[in-house]
Amino acid sequence: MDFEESDHIKEIRRTVRAVCARYDDTYWYRSDSEHRFPWEFYQAMAEGGWIGIAIPEAYGGGGGGVLEASVVLQEVAESGAAMNGASAIHLSIFGMHPVVLHGSEELKQRYLPRVASGELHIAFGVTEPDAGTETTAIRTSAVRDGDTYRVRGRKVWTSKALEADKVLLLVRTTPAERCTRRTEGLTLLLADLKHPAVTISPIAKAGRNAVASCETVYDDLPVSVGDRVGEEGRGLQYLFDGLNAERVLIAVEAIGTGRVALRRAARYATTRVVHGSPIGSNQGVAFPLAAAYSRLEAAEMVARRAAWLLDQGLPAGADANMAKYLSAEAGFEAADAAMQTHGGYGFAEEYQIARFWREARLMKIAPLPQELALAHIAQHVLGLPRTY
């Protein structure tokens, strides 16, 4: 078993770090506080080819796998960009995975090169107000009329909807009551967002405000049958093909966010002198930081294994869910330890710790709550009865 990183991965780290170094705390604080999308950062990452890192070379991408994508996103988060930076490019990196695997050749040729170049922005529309994690309960419908679908319904938590040109939209094309199983009758469409039939409303939220999360309402939105991903009625299966990869990417973003918070805390504990000595010389300060570091390291090992399994085409459901669970816990615990180390200054926006703390907390909820990751492990690894 070889734990040495290849020169290829080391070069990705070095180059992404160089790009991220151009954007300091002030840039990210202002982007977050002003609710402003980080366009300059996004364009720099696109120019470096990092947006298309996981898109096949035949369509203008880098041809990398989940491992390469995970290294890029972890470096972004760890640079201090945290989730504001990672979320700005996350959906473009992983969101088109169902199109790569199941889209027609014409669909791939039409859209993938533009996504890889950073020209075409993609959002992801699955969650609904009354169908949270119960994806089979979605009500947004698409009725076919010749070569066009008419989409009606409402989605929530559609990140990047204000900037995106297209949304990978999960819709019900066959009513659930007419399906043998509730997992049937769902279809993936690559729909327009910048259309008069779409109303987009940002949701006020606690953090990660450089990238808006929105409610999107579709009122007879026309979508060409040519913009359907794969076969009608198989959209949920296509969606599941990308979910394990997304969990790994969320895991490394949590790790990166935890690491930058921990690094800032260690620096502060070394320089902050109370009663004649640095506060880091007290075990009550040092040990929580050391424990947080250890948890981050362990979580990263699981995330790297999950990425390797996915890239090898091997079953990775358990590892992806464990990676997401462990990394979200470790990332937030590190940010919380950093907050405690800074004391009152942790609440001061000047030190950035409050921003990291808010953003690290998000990964315990999204893209799935910790409880569902544990439910998967309980059922599919331990063989326990289904809990929901």
# chains A, B, ... in the order shown; residues from 1 in each chain; ligands from 1
>>> closest_atom_pairs(of="stretch 101-162 of chain A", to="stretch 196-215 of chain A", cutoff="10 Å", atoms="only C-alpha atoms", output="tab-separated table")
residue	atom	partner	partner_atom	distance
A:Gly125	CA	A:Glu215	CA	9.6
A:Thr127	CA	A:Glu215	CA	9.7
A:Glu128	CA	A:Glu215	CA	8.8
A:Pro129	CA	A:Glu215	CA	9.0
A:Val151	CA	A:Ala197	CA	9.3
A:Arg152	CA	A:Ala197	CA	9.3
A:Gly153	CA	A:Val198	CA	9.9
A:Arg154	CA	A:Glu215	CA	7.1
A:Lys155	CA	A:Glu215	CA	5.6
A:Val156	CA	A:Glu215	CA	4.2
A:Trp157	CA	A:Ser213	CA	4.9
A:Thr158	CA	A:Cys214	CA	5.0
A:Ser159	CA	A:Ser213	CA	4.1
A:Lys160	CA	A:Ala212	CA	5.6
A:Ala161	CA	A:Cys214	CA	6.3
A:Leu162	CA	A:Ile200	CA	7.1
>>> residues_around(residues="A:Arg259", least_positions_apart="4", cutoff="9 Å", atoms="only C-alpha atoms", output="number ranges by chain")
A: 77-78, 254-255, 263-264, 292-293, 296, 331, 334-335
>>> write_last_selection(atoms="C-alpha atoms", output="PDB file, in the first residue's frame")
ATOM      1  CA  ALA A  77     -11.513  25.275   0.745  1.00  0.00           C
ATOM      2  CA  GLU A  78      -8.230  25.067   2.652  1.00  0.00           C
ATOM      3  CA  ALA A 254     -15.370  19.985   4.934  1.00  0.00           C
ATOM      4  CA  ILE A 255     -11.818  18.795   5.583  1.00  0.00           C
ATOM      5  CA  ARG A 263      -4.263  26.423  11.056  1.00  0.00           C
ATOM      6  CA  ARG A 264      -5.480  29.879  12.047  1.00  0.00           C
ATOM      7  CA  ALA A 292      -9.195  18.050  15.808  1.00  0.00           C
ATOM      8  CA  TYR A 293      -6.124  17.580  13.622  1.00  0.00           C
ATOM      9  CA  LEU A 296      -9.270  15.541  10.058  1.00  0.00           C
ATOM     10  CA  GLY A 331     -14.515  19.763   9.824  1.00  0.00           C
ATOM     11  CA  ALA A 334     -12.030  21.729  14.020  1.00  0.00           C
ATOM     12  CA  ALA A 335     -13.832  25.001  13.294  1.00  0.00           C
TER      13      ALA A 335
END
>>> closest_atom_pairs(of="stretch 314-374 of chain A", to="stretch 26-32 of chain A", cutoff="12 Å", atoms="only C-alpha atoms", output="Markdown table")
| residue | atom | partner | partner_atom | distance |
| --- | --- | --- | --- | --- |
| A:Ala348 | CA | A:Tyr29 | CA | 11.9 |
| A:Glu349 | CA | A:Tyr29 | CA | 8.1 |
| A:Glu350 | CA | A:Tyr29 | CA | 8.7 |
| A:Tyr351 | CA | A:Tyr29 | CA | 10.1 |
| A:Gln352 | CA | A:Tyr29 | CA | 7.6 |
| A:Ile353 | CA | A:Tyr29 | CA | 10.9 |
| A:Ala354 | CA | A:Tyr29 | CA | 10.5 |
| A:Arg355 | CA | A:Tyr29 | CA | 8.0 |
| A:Phe356 | CA | A:Tyr29 | CA | 10.5 |
| A:Arg358 | CA | A:Asp32 | CA | 11.3 |
| A:Glu359 | CA | A:Asp32 | CA | 10.7 |
>>> closest_residue(among="A:Pro278, A:Pro315, A:Gly64, A:Gly346", to="A:Asn244", atoms="only C-alpha atoms")
A:Pro315
>>> closest_residue(among="A:Glu177, A:Ala86, A:Val76, A:Ala21", to="A:Phe37", atoms="only C-alpha atoms")
A:Ala86
>>> select_by_dssp(residues="stretch 248-387 of chain A", states="alpha helix (DSSP H)", output="PDB file with C-alpha atoms, in the first residue's frame")
ATOM      1  CA  VAL A 248     -16.707  12.579  -1.480  1.00  0.00           C
ATOM      2  CA  LEU A 249     -16.332  16.117  -2.803  1.00  0.00           C
ATOM      3  CA  ILE A 250     -18.396  17.542   0.058  1.00  0.00           C
ATOM      4  CA  ALA A 251     -16.211  15.511   2.444  1.00  0.00           C
ATOM      5  CA  VAL A 252     -12.968  17.060   1.237  1.00  0.00           C
ATOM      6  CA  GLU A 253     -14.495  20.537   1.273  1.00  0.00           C
ATOM      7  CA  ALA A 254     -15.370  19.985   4.934  1.00  0.00           C
ATOM      8  CA  ILE A 255     -11.818  18.795   5.583  1.00  0.00           C
ATOM      9  CA  GLY A 256     -10.332  21.828   3.829  1.00  0.00           C
ATOM     10  CA  THR A 257     -12.555  24.212   5.768  1.00  0.00           C
ATOM     11  CA  GLY A 258     -11.643  22.517   9.042  1.00  0.00           C
ATOM     12  CA  ARG A 259      -7.951  22.653   8.213  1.00  0.00           C
ATOM     13  CA  VAL A 260      -7.824  26.357   7.481  1.00  0.00           C
ATOM     14  CA  ALA A 261      -9.715  27.071  10.712  1.00  0.00           C
ATOM     15  CA  LEU A 262      -7.325  24.822  12.624  1.00  0.00           C
ATOM     16  CA  ARG A 263      -4.263  26.423  11.056  1.00  0.00           C
ATOM     17  CA  ARG A 264      -5.480  29.879  12.047  1.00  0.00           C
ATOM     18  CA  ALA A 265      -6.193  28.642  15.592  1.00  0.00           C
ATOM     19  CA  ALA A 266      -2.720  27.128  15.987  1.00  0.00           C
ATOM     20  CA  ARG A 267      -1.136  30.379  14.834  1.00  0.00           C
ATOM     21  CA  TYR A 268      -3.270  32.402  17.225  1.00  0.00           C
ATOM     22  CA  ALA A 269      -2.510  30.043  20.132  1.00  0.00           C
ATOM     23  CA  THR A 270       1.199  30.477  19.454  1.00  0.00           C
ATOM     24  CA  THR A 271       1.160  34.272  19.370  1.00  0.00           C
ATOM     25  CA  GLN A 283      -3.099  21.628  27.476  1.00  0.00           C
ATOM     26  CA  GLY A 284      -6.693  22.867  27.654  1.00  0.00           C
ATOM     27  CA  VAL A 285      -6.022  24.779  24.442  1.00  0.00           C
ATOM     28  CA  ALA A 286      -3.475  22.494  22.780  1.00  0.00           C
ATOM     29  CA  PHE A 287      -5.220  19.137  23.194  1.00  0.00           C
ATOM     30  CA  PRO A 288      -8.529  20.065  21.491  1.00  0.00           C
ATOM     31  CA  LEU A 289      -6.552  21.349  18.508  1.00  0.00           C
ATOM     32  CA  ALA A 290      -4.435  18.192  18.375  1.00  0.00           C
ATOM     33  CA  ALA A 291      -7.568  16.033  18.598  1.00  0.00           C
ATOM     34  CA  ALA A 292      -9.195  18.050  15.808  1.00  0.00           C
ATOM     35  CA  TYR A 293      -6.124  17.580  13.622  1.00  0.00           C
ATOM     36  CA  SER A 294      -6.185  13.829  14.218  1.00  0.00           C
ATOM     37  CA  ARG A 295      -9.858  13.574  13.269  1.00  0.00           C
ATOM     38  CA  LEU A 296      -9.270  15.541  10.058  1.00  0.00           C
ATOM     39  CA  GLU A 297      -6.391  13.266   9.069  1.00  0.00           C
ATOM     40  CA  ALA A 298      -8.464  10.127   9.692  1.00  0.00           C
ATOM     41  CA  ALA A 299     -11.430  11.512   7.754  1.00  0.00           C
ATOM     42  CA  GLU A 300      -9.208  12.361   4.801  1.00  0.00           C
ATOM     43  CA  MET A 301      -7.945   8.791   4.604  1.00  0.00           C
ATOM     44  CA  VAL A 302     -11.512   7.509   4.259  1.00  0.00           C
ATOM     45  CA  ALA A 303     -12.330  10.180   1.669  1.00  0.00           C
ATOM     46  CA  ARG A 304      -9.260   9.283  -0.392  1.00  0.00           C
ATOM     47  CA  ARG A 305     -10.199   5.587  -0.312  1.00  0.00           C
ATOM     48  CA  ALA A 306     -13.745   6.401  -1.438  1.00  0.00           C
ATOM     49  CA  ALA A 307     -12.392   8.507  -4.325  1.00  0.00           C
ATOM     50  CA  TRP A 308     -10.084   5.670  -5.367  1.00  0.00           C
ATOM     51  CA  LEU A 309     -12.931   3.150  -5.324  1.00  0.00           C
ATOM     52  CA  LEU A 310     -15.111   5.417  -7.472  1.00  0.00           C
ATOM     53  CA  ASP A 311     -12.324   5.981  -9.975  1.00  0.00           C
ATOM     54  CA  GLY A 317     -21.537   3.614  -1.356  1.00  0.00           C
ATOM     55  CA  ALA A 318     -20.429   2.751   2.164  1.00  0.00           C
ATOM     56  CA  ASP A 319     -17.093   4.543   1.858  1.00  0.00           C
ATOM     57  CA  ALA A 320     -18.662   7.653   0.316  1.00  0.00           C
ATOM     58  CA  ASN A 321     -21.216   7.889   3.116  1.00  0.00           C
ATOM     59  CA  MET A 322     -18.592   7.264   5.797  1.00  0.00           C
ATOM     60  CA  ALA A 323     -16.354   9.896   4.229  1.00  0.00           C
ATOM     61  CA  LYS A 324     -19.170  12.429   4.207  1.00  0.00           C
ATOM     62  CA  TYR A 325     -20.173  11.658   7.801  1.00  0.00           C
ATOM     63  CA  LEU A 326     -16.667  11.624   9.284  1.00  0.00           C
ATOM     64  CA  SER A 327     -15.450  14.664   7.365  1.00  0.00           C
ATOM     65  CA  ALA A 328     -18.462  16.803   8.217  1.00  0.00           C
ATOM     66  CA  GLU A 329     -18.034  15.944  11.891  1.00  0.00           C
ATOM     67  CA  ALA A 330     -14.264  16.519  11.808  1.00  0.00           C
ATOM     68  CA  GLY A 331     -14.515  19.763   9.824  1.00  0.00           C
ATOM     69  CA  PHE A 332     -17.028  21.318  12.180  1.00  0.00           C
ATOM     70  CA  GLU A 333     -15.223  20.115  15.320  1.00  0.00           C
ATOM     71  CA  ALA A 334     -12.030  21.729  14.020  1.00  0.00           C
ATOM     72  CA  ALA A 335     -13.832  25.001  13.294  1.00  0.00           C
ATOM     73  CA  ASP A 336     -15.498  24.867  16.703  1.00  0.00           C
ATOM     74  CA  ALA A 337     -12.151  24.245  18.421  1.00  0.00           C
ATOM     75  CA  ALA A 338     -10.760  27.231  16.504  1.00  0.00           C
ATOM     76  CA  MET A 339     -13.685  29.335  17.687  1.00  0.00           C
ATOM     77  CA  GLN A 340     -13.050  28.299  21.314  1.00  0.00           C
ATOM     78  CA  THR A 341      -9.334  28.993  20.993  1.00  0.00           C
ATOM     79  CA  HIS A 342      -9.988  32.534  19.808  1.00  0.00           C
ATOM     80  CA  ILE A 353     -13.131  32.082  12.230  1.00  0.00           C
ATOM     81  CA  ALA A 354     -16.846  32.880  12.439  1.00  0.00           C
ATOM     82  CA  ARG A 355     -17.085  32.484   8.657  1.00  0.00           C
ATOM     83  CA  PHE A 356     -15.318  29.119   8.717  1.00  0.00           C
ATOM     84  CA  TRP A 357     -17.479  28.007  11.648  1.00  0.00           C
ATOM     85  CA  ARG A 358     -20.730  28.866   9.854  1.00  0.00           C
ATOM     86  CA  GLU A 359     -19.654  27.217   6.637  1.00  0.00           C
ATOM     87  CA  ALA A 360     -18.303  24.067   8.307  1.00  0.00           C
ATOM     88  CA  ARG A 361     -21.660  23.592  10.008  1.00  0.00           C
ATOM     89  CA  LEU A 362     -23.407  23.434   6.630  1.00  0.00           C
ATOM     90  CA  GLN A 370     -25.604  13.047   8.909  1.00  0.00           C
ATOM     91  CA  GLU A 371     -28.465  10.790   9.963  1.00  0.00           C
ATOM     92  CA  LEU A 372     -29.045   9.553   6.410  1.00  0.00           C
ATOM     93  CA  ALA A 373     -25.358   8.756   5.976  1.00  0.00           C
ATOM     94  CA  LEU A 374     -25.559   6.673   9.160  1.00  0.00           C
ATOM     95  CA  ALA A 375     -28.786   5.048   7.962  1.00  0.00           C
ATOM     96  CA  HIS A 376     -26.999   3.888   4.800  1.00  0.00           C
ATOM     97  CA  ILE A 377     -24.133   2.407   6.806  1.00  0.00           C
ATOM     98  CA  ALA A 378     -26.504   0.739   9.280  1.00  0.00           C
ATOM     99  CA  GLN A 379     -28.563  -0.883   6.543  1.00  0.00           C
ATOM    100  CA  HIS A 380     -26.039  -1.671   3.818  1.00  0.00           C
TER     101      HIS A 380
END
>>> residues_around(residues="A:Val225", least_positions_apart="4", cutoff="12 Å", atoms="only C-alpha atoms", output="PDB file with N, CA and C atoms, in the first residue's frame")
ATOM      1  N   GLY A 103     -25.911  10.987 -21.033  1.00  0.00           N
ATOM      2  CA  GLY A 103     -26.421  11.895 -22.059  1.00  0.00           C
ATOM      3  C   GLY A 103     -26.123  11.390 -23.461  1.00  0.00           C
ATOM      4  N   SER A 104     -26.929  11.828 -24.418  1.00  0.00           N
ATOM      5  CA  SER A 104     -26.669  11.480 -25.812  1.00  0.00           C
ATOM      6  C   SER A 104     -25.382  12.154 -26.270  1.00  0.00           C
ATOM      7  N   LEU A 107     -25.993  15.753 -26.972  1.00  0.00           N
ATOM      8  CA  LEU A 107     -26.107  16.552 -25.750  1.00  0.00           C
ATOM      9  C   LEU A 107     -24.727  16.844 -25.166  1.00  0.00           C
ATOM     10  N   ALA A 142     -43.298  17.262 -15.633  1.00  0.00           N
ATOM     11  CA  ALA A 142     -42.989  17.610 -17.013  1.00  0.00           C
ATOM     12  C   ALA A 142     -43.917  16.793 -17.907  1.00  0.00           C
ATOM     13  N   VAL A 143     -44.761  17.492 -18.640  1.00  0.00           N
ATOM     14  CA  VAL A 143     -45.722  16.840 -19.530  1.00  0.00           C
ATOM     15  C   VAL A 143     -45.231  17.014 -20.962  1.00  0.00           C
ATOM     16  N   ARG A 144     -45.141  15.894 -21.659  1.00  0.00           N
ATOM     17  CA  ARG A 144     -44.617  15.958 -23.025  1.00  0.00           C
ATOM     18  C   ARG A 144     -45.697  16.341 -24.016  1.00  0.00           C
ATOM     19  N   ASP A 145     -45.330  17.259 -24.908  1.00  0.00           N
ATOM     20  CA  ASP A 145     -46.198  17.694 -25.988  1.00  0.00           C
ATOM     21  C   ASP A 145     -45.361  17.718 -27.256  1.00  0.00           C
ATOM     22  N   GLY A 146     -45.378  16.617 -27.982  1.00  0.00           N
ATOM     23  CA  GLY A 146     -44.537  16.503 -29.171  1.00  0.00           C
ATOM     24  C   GLY A 146     -43.070  16.419 -28.798  1.00  0.00           C
ATOM     25  N   ASP A 147     -42.288  17.351 -29.277  1.00  0.00           N
ATOM     26  CA  ASP A 147     -40.847  17.367 -29.007  1.00  0.00           C
ATOM     27  C   ASP A 147     -40.485  18.286 -27.845  1.00  0.00           C
ATOM     28  N   THR A 148     -41.474  18.661 -27.056  1.00  0.00           N
ATOM     29  CA  THR A 148     -41.238  19.588 -25.953  1.00  0.00           C
ATOM     30  C   THR A 148     -41.903  19.095 -24.677  1.00  0.00           C
ATOM     31  N   TYR A 149     -41.203  19.256 -23.556  1.00  0.00           N
ATOM     32  CA  TYR A 149     -41.802  19.054 -22.245  1.00  0.00           C
ATOM     33  C   TYR A 149     -42.238  20.419 -21.698  1.00  0.00           C
ATOM     34  N   ARG A 150     -43.321  20.425 -20.938  1.00  0.00           N
ATOM     35  CA  ARG A 150     -43.749  21.613 -20.220  1.00  0.00           C
ATOM     36  C   ARG A 150     -43.586  21.340 -18.725  1.00  0.00           C
ATOM     37  N   VAL A 151     -42.733  22.118 -18.097  1.00  0.00           N
ATOM     38  CA  VAL A 151     -42.377  21.879 -16.693  1.00  0.00           C
ATOM     39  C   VAL A 151     -43.126  22.841 -15.792  1.00  0.00           C
ATOM     40  N   THR A 187     -37.439  11.859 -14.373  1.00  0.00           N
ATOM     41  CA  THR A 187     -36.625  12.132 -15.554  1.00  0.00           C
ATOM     42  C   THR A 187     -35.714  13.329 -15.293  1.00  0.00           C
ATOM     43  N   LEU A 188     -34.515  13.289 -15.857  1.00  0.00           N
ATOM     44  CA  LEU A 188     -33.568  14.400 -15.755  1.00  0.00           C
ATOM     45  C   LEU A 188     -33.612  15.236 -17.036  1.00  0.00           C
ATOM     46  N   LEU A 189     -33.822  16.532 -16.856  1.00  0.00           N
ATOM     47  CA  LEU A 189     -33.813  17.464 -17.978  1.00  0.00           C
ATOM     48  C   LEU A 189     -32.753  18.535 -17.747  1.00  0.00           C
ATOM     49  N   LEU A 190     -32.115  18.968 -18.808  1.00  0.00           N
ATOM     50  CA  LEU A 190     -31.175  20.085 -18.745  1.00  0.00           C
ATOM     51  C   LEU A 190     -31.938  21.313 -19.224  1.00  0.00           C
ATOM     52  N   ALA A 191     -32.532  22.028 -18.252  1.00  0.00           N
ATOM     53  CA  ALA A 191     -33.499  23.080 -18.567  1.00  0.00           C
ATOM     54  C   ALA A 191     -32.875  24.466 -18.467  1.00  0.00           C
ATOM     55  N   VAL A 229     -31.756  13.969 -20.381  1.00  0.00           N
ATOM     56  CA  VAL A 229     -30.583  13.127 -20.108  1.00  0.00           C
ATOM     57  C   VAL A 229     -31.022  11.669 -20.097  1.00  0.00           C
ATOM     58  N   GLY A 230     -30.547  10.906 -21.085  1.00  0.00           N
ATOM     59  CA  GLY A 230     -30.886   9.487 -21.138  1.00  0.00           C
ATOM     60  C   GLY A 230     -32.351   9.241 -21.436  1.00  0.00           C
ATOM     61  N   GLU A 231     -32.861   8.133 -20.900  1.00  0.00           N
ATOM     62  CA  GLU A 231     -34.232   7.720 -21.179  1.00  0.00           C
ATOM     63  C   GLU A 231     -35.223   8.377 -20.218  1.00  0.00           C
ATOM     64  N   GLU A 232     -36.429   8.561 -20.682  1.00  0.00           N
ATOM     65  CA  GLU A 232     -37.491   9.067 -19.814  1.00  0.00           C
ATOM     66  C   GLU A 232     -37.794   8.035 -18.726  1.00  0.00           C
TER      67      GLU A 232
END
